[in-house]
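Text of the file model_14.cif, holding mmCIF, C-alpha atoms:
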```
data_target
loop_
_atom_site.label_atom_id
_atom_site.label_comp_id
_atom_site.auth_asym_id
_atom_site.auth_seq_id
_atom_site.Cartn_x
_atom_site.Cartn_y
_atom_site.Cartn_z
CA MET A 1 -49.19 156.17 213.88
CA ILE A 2 -46.81 153.21 214.01
CA ILE A 3 -47.40 150.22 211.80
CA ASP A 4 -45.78 147.04 213.05
CA GLY A 5 -44.87 144.92 210.04
CA GLY A 6 -43.54 142.11 212.20
CA GLU A 7 -40.06 140.71 212.30
CA CYS A 8 -37.68 141.88 209.60
CA GLU A 9 -36.89 139.13 207.11
CA ILE A 10 -33.25 140.09 206.57
CA GLY A 11 -32.33 142.25 209.55
CA LEU A 12 -30.04 144.81 207.93
CA GLU A 13 -30.83 147.78 205.77
CA SER A 14 -30.63 147.65 202.01
CA THR A 15 -27.57 147.55 199.80
CA ILE A 16 -26.71 150.93 198.28
CA VAL A 17 -24.78 151.11 195.01
CA LYS A 18 -23.72 154.17 193.05
CA ILE A 19 -23.62 153.58 189.30
CA ASP A 20 -20.74 155.42 187.68
CA GLY A 21 -20.66 154.84 183.91
CA ASP A 22 -19.75 151.20 183.32
CA SER A 23 -18.68 150.65 186.90
CA ALA A 24 -20.44 150.63 190.24
CA ILE A 25 -19.37 151.62 193.74
CA LEU A 26 -20.75 149.69 196.70
CA LEU A 27 -21.56 152.38 199.27
CA ARG A 28 -23.38 150.27 201.85
CA PRO A 29 -23.43 146.46 201.84
CA GLY A 30 -26.67 144.65 202.55
CA ALA A 31 -28.51 141.49 201.57
CA VAL A 32 -27.54 142.01 197.93
CA THR A 33 -23.94 140.85 198.29
CA PRO A 34 -20.86 141.87 196.28
CA GLU A 35 -20.91 138.40 194.74
CA MET A 36 -24.45 138.98 193.48
CA LEU A 37 -23.58 142.42 192.15
CA SER A 38 -20.51 141.08 190.34
CA ARG A 39 -22.81 138.94 188.19
CA VAL A 40 -24.32 142.08 186.64
CA VAL A 41 -21.55 144.67 187.09
CA SER A 42 -18.16 143.98 185.54
CA ASP A 43 -16.33 146.68 187.50
CA LEU A 44 -17.46 146.74 191.14
CA LYS A 45 -15.54 149.00 193.50
CA PHE A 46 -15.93 149.33 197.25
CA ASP A 47 -16.23 152.57 199.19
CA ALA A 48 -13.36 152.72 201.70
CA GLY A 49 -15.82 153.31 204.56
CA ILE A 50 -17.22 149.78 204.30
CA LYS A 51 -14.34 148.18 206.19
CA GLU A 52 -12.60 151.12 207.82
CA LYS A 53 -13.32 154.52 209.28
CA ASN A 54 -13.96 156.98 206.49
CA ASP A 55 -13.61 160.61 207.56
CA ILE A 56 -15.40 162.06 204.60
CA GLY A 57 -16.04 165.76 204.44
CA GLY A 58 -19.28 167.20 203.22
CA ALA A 59 -22.48 165.32 202.67
CA PRO A 60 -22.28 161.50 202.80
CA LEU A 61 -23.12 159.60 199.61
CA ALA A 62 -25.45 157.19 201.44
CA PRO A 63 -27.16 156.93 204.84
CA GLY A 64 -24.93 155.71 207.66
CA MET A 65 -21.63 156.64 206.02
CA LYS A 66 -20.55 159.64 208.05
CA TYR A 67 -21.42 159.10 211.70
CA LYS A 68 -21.30 156.37 214.33
CA HIS A 69 -24.46 154.33 213.84
CA TYR A 70 -26.24 151.32 215.25
CA ALA A 71 -24.55 151.63 218.63
CA PRO A 72 -26.20 150.72 221.92
CA ARG A 73 -25.57 152.85 225.00
CA ALA A 74 -22.74 150.56 226.14
CA GLU A 75 -19.24 150.89 224.69
CA VAL A 76 -18.71 148.28 221.95
CA TYR A 77 -15.44 146.65 220.91
CA LEU A 78 -15.06 144.36 217.92
CA VAL A 79 -12.87 141.35 218.74
CA LYS A 80 -10.98 139.87 215.79
CA GLY A 81 -8.79 136.82 215.82
CA ASP A 82 -8.47 133.08 216.12
CA ASP A 83 -11.46 131.40 217.84
CA ASP A 84 -9.39 130.02 220.73
CA LYS A 85 -7.78 133.39 221.42
CA ALA A 86 -11.14 135.15 221.16
CA LEU A 87 -12.78 132.69 223.55
CA ALA A 88 -9.98 133.11 226.12
CA TYR A 89 -10.15 136.89 225.76
CA LEU A 90 -13.93 136.94 226.24
CA LYS A 91 -13.78 134.63 229.27
CA ALA A 92 -11.21 136.93 230.86
CA ARG A 93 -13.36 140.03 230.25
CA LEU A 94 -16.46 138.35 231.70
CA ASP A 95 -14.49 137.22 234.77
CA GLU A 96 -13.16 140.76 235.35
CA ASP A 97 -16.43 142.69 235.24
CA ASP A 98 -20.11 141.86 235.82
CA ASN A 99 -21.04 144.83 233.62
CA THR A 100 -19.61 143.17 230.52
CA GLY A 101 -21.66 141.77 227.67
CA VAL A 102 -20.67 139.52 224.79
CA ILE A 103 -22.10 139.11 221.30
CA CYS A 104 -20.76 135.92 219.78
CA PHE A 105 -21.54 132.79 217.77
CA ASP A 106 -23.47 129.78 219.13
CA GLU A 107 -20.29 127.76 219.35
CA MET A 108 -18.65 130.31 221.68
CA ALA A 109 -21.80 131.05 223.67
CA LYS A 110 -21.85 127.39 224.79
CA GLU A 111 -18.38 127.87 226.28
CA LEU A 112 -19.10 131.12 228.13
CA ASP A 113 -20.77 131.55 231.51
CA GLY A 114 -22.99 134.45 232.44
CA GLU A 115 -26.28 136.10 231.68
CA ASN A 116 -24.88 138.83 229.44
CA ILE A 117 -24.10 136.64 226.45
CA VAL A 118 -26.08 136.97 223.23
CA SER A 119 -25.53 134.68 220.27
CA ILE A 120 -26.07 135.80 216.67
CA GLY A 121 -26.15 132.25 215.29
CA LYS A 122 -23.70 129.61 214.14
CA LYS A 123 -20.33 130.88 212.96
CA ASP A 124 -20.98 129.94 209.33
CA ASP A 125 -24.55 131.32 209.12
CA GLY A 126 -24.24 134.83 207.67
CA ALA A 127 -28.00 135.18 207.21
CA ALA A 128 -28.51 134.53 210.94
CA HIS A 129 -25.84 137.11 211.83
CA ALA A 130 -27.53 139.76 209.67
CA LYS A 131 -30.92 139.02 211.17
CA ALA A 132 -29.76 138.94 214.80
CA LEU A 133 -27.23 141.78 215.02
CA PHE A 134 -29.50 144.76 215.72
CA SER A 135 -31.56 142.78 218.21
CA ALA A 136 -28.35 141.72 220.01
CA LEU A 137 -27.14 145.32 220.19
CA ARG A 138 -30.53 146.60 221.41
CA HIS A 139 -30.76 143.81 224.01
CA PHE A 140 -27.97 145.39 226.00
CA ASP A 141 -29.82 148.72 226.23
CA GLU A 142 -32.16 146.93 228.65
CA THR A 143 -29.31 145.81 230.93
CA SER A 144 -26.67 147.39 233.18
CA VAL A 145 -23.90 146.35 230.79
CA LYS A 146 -21.32 149.10 230.28
CA THR A 147 -19.01 147.32 227.79
CA ILE A 148 -19.84 144.88 224.98
CA TYR A 149 -17.31 142.70 223.20
CA ALA A 150 -18.53 141.37 219.86
CA THR A 151 -16.72 138.63 217.97
CA SER A 152 -16.04 139.60 214.39
CA VAL A 153 -17.59 137.91 211.39
CA VAL A 154 -15.57 137.27 208.22
CA PRO A 155 -16.34 140.26 205.94
CA SER A 156 -17.58 138.45 202.84
CA GLY A 157 -20.98 137.63 201.39
CA ILE A 158 -23.81 138.95 203.53
CA ASP A 159 -21.38 139.06 206.48
CA LEU A 160 -19.72 142.04 204.78
CA ALA A 161 -22.87 143.97 205.73
CA THR A 162 -22.85 142.58 209.28
CA TYR A 163 -19.15 143.43 209.63
CA ASN A 164 -19.84 146.96 208.37
CA ARG A 165 -22.60 147.48 210.96
CA MET A 166 -20.43 145.98 213.72
CA MET A 167 -17.64 148.40 212.82
CA LYS A 168 -20.03 151.33 212.97
CA ALA A 169 -21.56 150.17 216.27
CA SER A 170 -18.09 149.93 217.80
CA GLY A 171 -17.01 153.31 216.47
CA TYR A 172 -14.22 151.36 214.72
CA LYS A 173 -12.73 150.19 218.03
CA ILE A 174 -11.08 146.86 217.18
CA ILE A 175 -9.19 144.47 219.42
CA ASP A 176 -7.11 142.39 217.01
CA LEU A 177 -5.85 139.38 218.93
CA ASP A 178 -3.75 138.19 216.01
CA GLU A 179 -1.55 141.31 216.27
CA ASN A 180 -0.34 140.37 219.77
#
```

Written as structure tokens, that's how I'd like the structure from this file.
Amino acid sequence: MIIDGGECEIGLESTIVKIDGDSAILLRPGAVTPEMLSRVVSDLKFDAGIKEKNDIGGAPLAPGMKYKHYAPRAEVYLVKGDDDKALAYLKARLDEDDNTGVICFDEMAKELDGENIVSIGKKDDGAAHAKALFSALRHFDETSVKTIYATSVVPSGIDLATYNRMMKASGYKIIDLDEN
């Protein structure tokens, strides 16, 4: 039996924290943000796998820590960098290939042409990003898109959780436009 509880209020899975004496280790970010946790935990540490690939051996400490997760069938790349550079990069990718999809903010979506563009909300709306990310990723499973470029959120507040899921969906494949 499947029970449909309707649309998810937050969009991302829960926050997972490991309590270790007087300190805590954030294993998986979620709607309970590091800022919220810092109000009740004086020594909050972050698992390295939150922002970067963590090749841990043995059993993972929390779900989603060890393997590539959340990924659609298409190859996903996380695009980091200045908005103007990102917009130019995305336009170029869309012009090159009809089998390209883009996940971006409302502000960029207005500047891009094509049917394979999915917005996850305004750039400064972390709650919208968290709620829309999985739906955006799943959307492309119903298309012929082979490659998805997703603009990166700033990894703070609830967007730390969105960033973490974007990293996992991309298999940690990042195009950093500020490095060029």

*If the PyMOL selection byres ((chain A and resi 120) around 6) is run on the structure shown, which residues does it catch, given as a list in words?*
Phe105, Ser119, Gly121, His129 and Ala132 of chain A

Could you save the residues just selected, with C-alpha atoms, as a tab-separated table (two decimals), keeping the file's coordinate frame?
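Output contents, as saved in out_26.tsv:
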```
chain	number	residue	atom	x	y	z
A	105	PHE	CA	-21.54	132.79	217.77
A	119	SER	CA	-25.53	134.68	220.27
A	121	GLY	CA	-26.15	132.25	215.29
A	129	HIS	CA	-25.84	137.11	211.83
A	132	ALA	CA	-29.76	138.94	214.80
```

*So what do you get for atom CA of A:Asp22 versus atom CA of A:Pro34, distance-wise?*
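Atom CA of A:Pro34 lies 16.0 Å from atom CA of A:Asp22.
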
*asked:* Could you list, as a list of chain:residue names, every residue within 10 Å of A:Glu142, counting only C-alpha atoms and ignoring same-chain residues fewer than 5 positions away?
replied: A:Pro72, A:Arg73, A:Leu137

Please identify every residue of stretch 6-110 of chain A that has at least one atom no farther than 8 Å from an atom of stretch 122-128 of chain A, counting only C-alpha atoms, and for each give the shortest atom pair and the distance in Å to one decimal, arranged by chain then increasing number, as a tab-separated table.
```
residue	atom	partner	partner_atom	distance
A:Ile10	CA	A:Ala127	CA	7.2
A:Phe105	CA	A:Lys122	CA	5.3
A:Asp106	CA	A:Lys122	CA	5.0
A:Glu107	CA	A:Lys122	CA	6.5
```

*When distances are computed from only C-alpha atoms, which of A:Ala109, A:Asn164, A:Tyr77, A:Val145 shows the smallest separation from A:Asp47?*
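Result for the nearest residue to A:Asp47: A:Asn164.
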
*Just how far from atom CA of A:Leu94 is atom CA of A:Leu112, in Å to one decimal?*
8.5 Å

*Do a neighbour search on A:Glu35 at 12 Å with all atoms listed in the file, toss out local chain neighbours closer than 3 positions, and write the hits as a ChimeraX atom specification.*
/A:26,29-32,38-45,156-160

Report as a compact mmCIF listing (two decimals) with C-alpha atoms, keeping the file's coordinate frame the residues that result from applying the PyMOL selection byres ((chain A and resi 176) around 10) to the structure here.
```
# COMPACT_ATOMS: atom_id res chain seq x y z
CA LEU A 78 -15.06 144.36 217.92
CA VAL A 79 -12.87 141.35 218.74
CA LYS A 80 -10.98 139.87 215.79
CA GLY A 81 -8.79 136.82 215.82
CA ASP A 82 -8.47 133.08 216.12
CA ALA A 86 -11.14 135.15 221.16
CA SER A 152 -16.04 139.60 214.39
CA LYS A 173 -12.73 150.19 218.03
CA ILE A 174 -11.08 146.86 217.18
CA ILE A 175 -9.19 144.47 219.42
CA LEU A 177 -5.85 139.38 218.93
CA ASP A 178 -3.75 138.19 216.01
CA GLU A 179 -1.55 141.31 216.27
CA ASN A 180 -0.34 140.37 219.77
```

*Test item: which residues lie within 10 Å of (-29.9, 141.2, 229.0) counting all atoms listed in the file, as a ChimeraX atom specification*: /A:101,115-118,136,138-145

Quick one: write out the picked residues with C-alpha atoms as a short mmCIF file (atom, residue, chain, number, x, y, z; two decimals), in the frame of the given file?
```
data_model
loop_
_atom_site.label_atom_id
_atom_site.label_comp_id
_atom_site.auth_asym_id
_atom_site.auth_seq_id
_atom_site.Cartn_x
_atom_site.Cartn_y
_atom_site.Cartn_z
CA GLY A 101 -21.66 141.77 227.67
CA GLU A 115 -26.28 136.10 231.68
CA ASN A 116 -24.88 138.83 229.44
CA ILE A 117 -24.10 136.64 226.45
CA VAL A 118 -26.08 136.97 223.23
CA ALA A 136 -28.35 141.72 220.01
CA ARG A 138 -30.53 146.60 221.41
CA HIS A 139 -30.76 143.81 224.01
CA PHE A 140 -27.97 145.39 226.00
CA ASP A 141 -29.82 148.72 226.23
CA GLU A 142 -32.16 146.93 228.65
CA THR A 143 -29.31 145.81 230.93
CA SER A 144 -26.67 147.39 233.18
CA VAL A 145 -23.90 146.35 230.79
#
```

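Atom CA of A:Glu52 is found 17.7 Å from atom CA of A:Val17.
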
Would you place a box with edges along x, y and z of the file around all atoms of stretch 22-30 of chain A listed there, add 3 Å to each of its six sides, and report the centre and edge lengths in Å to one decimal, as lines of an AutoDock Vina configuration file?
```
center_x = -22.7
center_y = 148.5
center_z = 192.9
size_x = 14.0
size_y = 13.7
size_z = 25.2
```
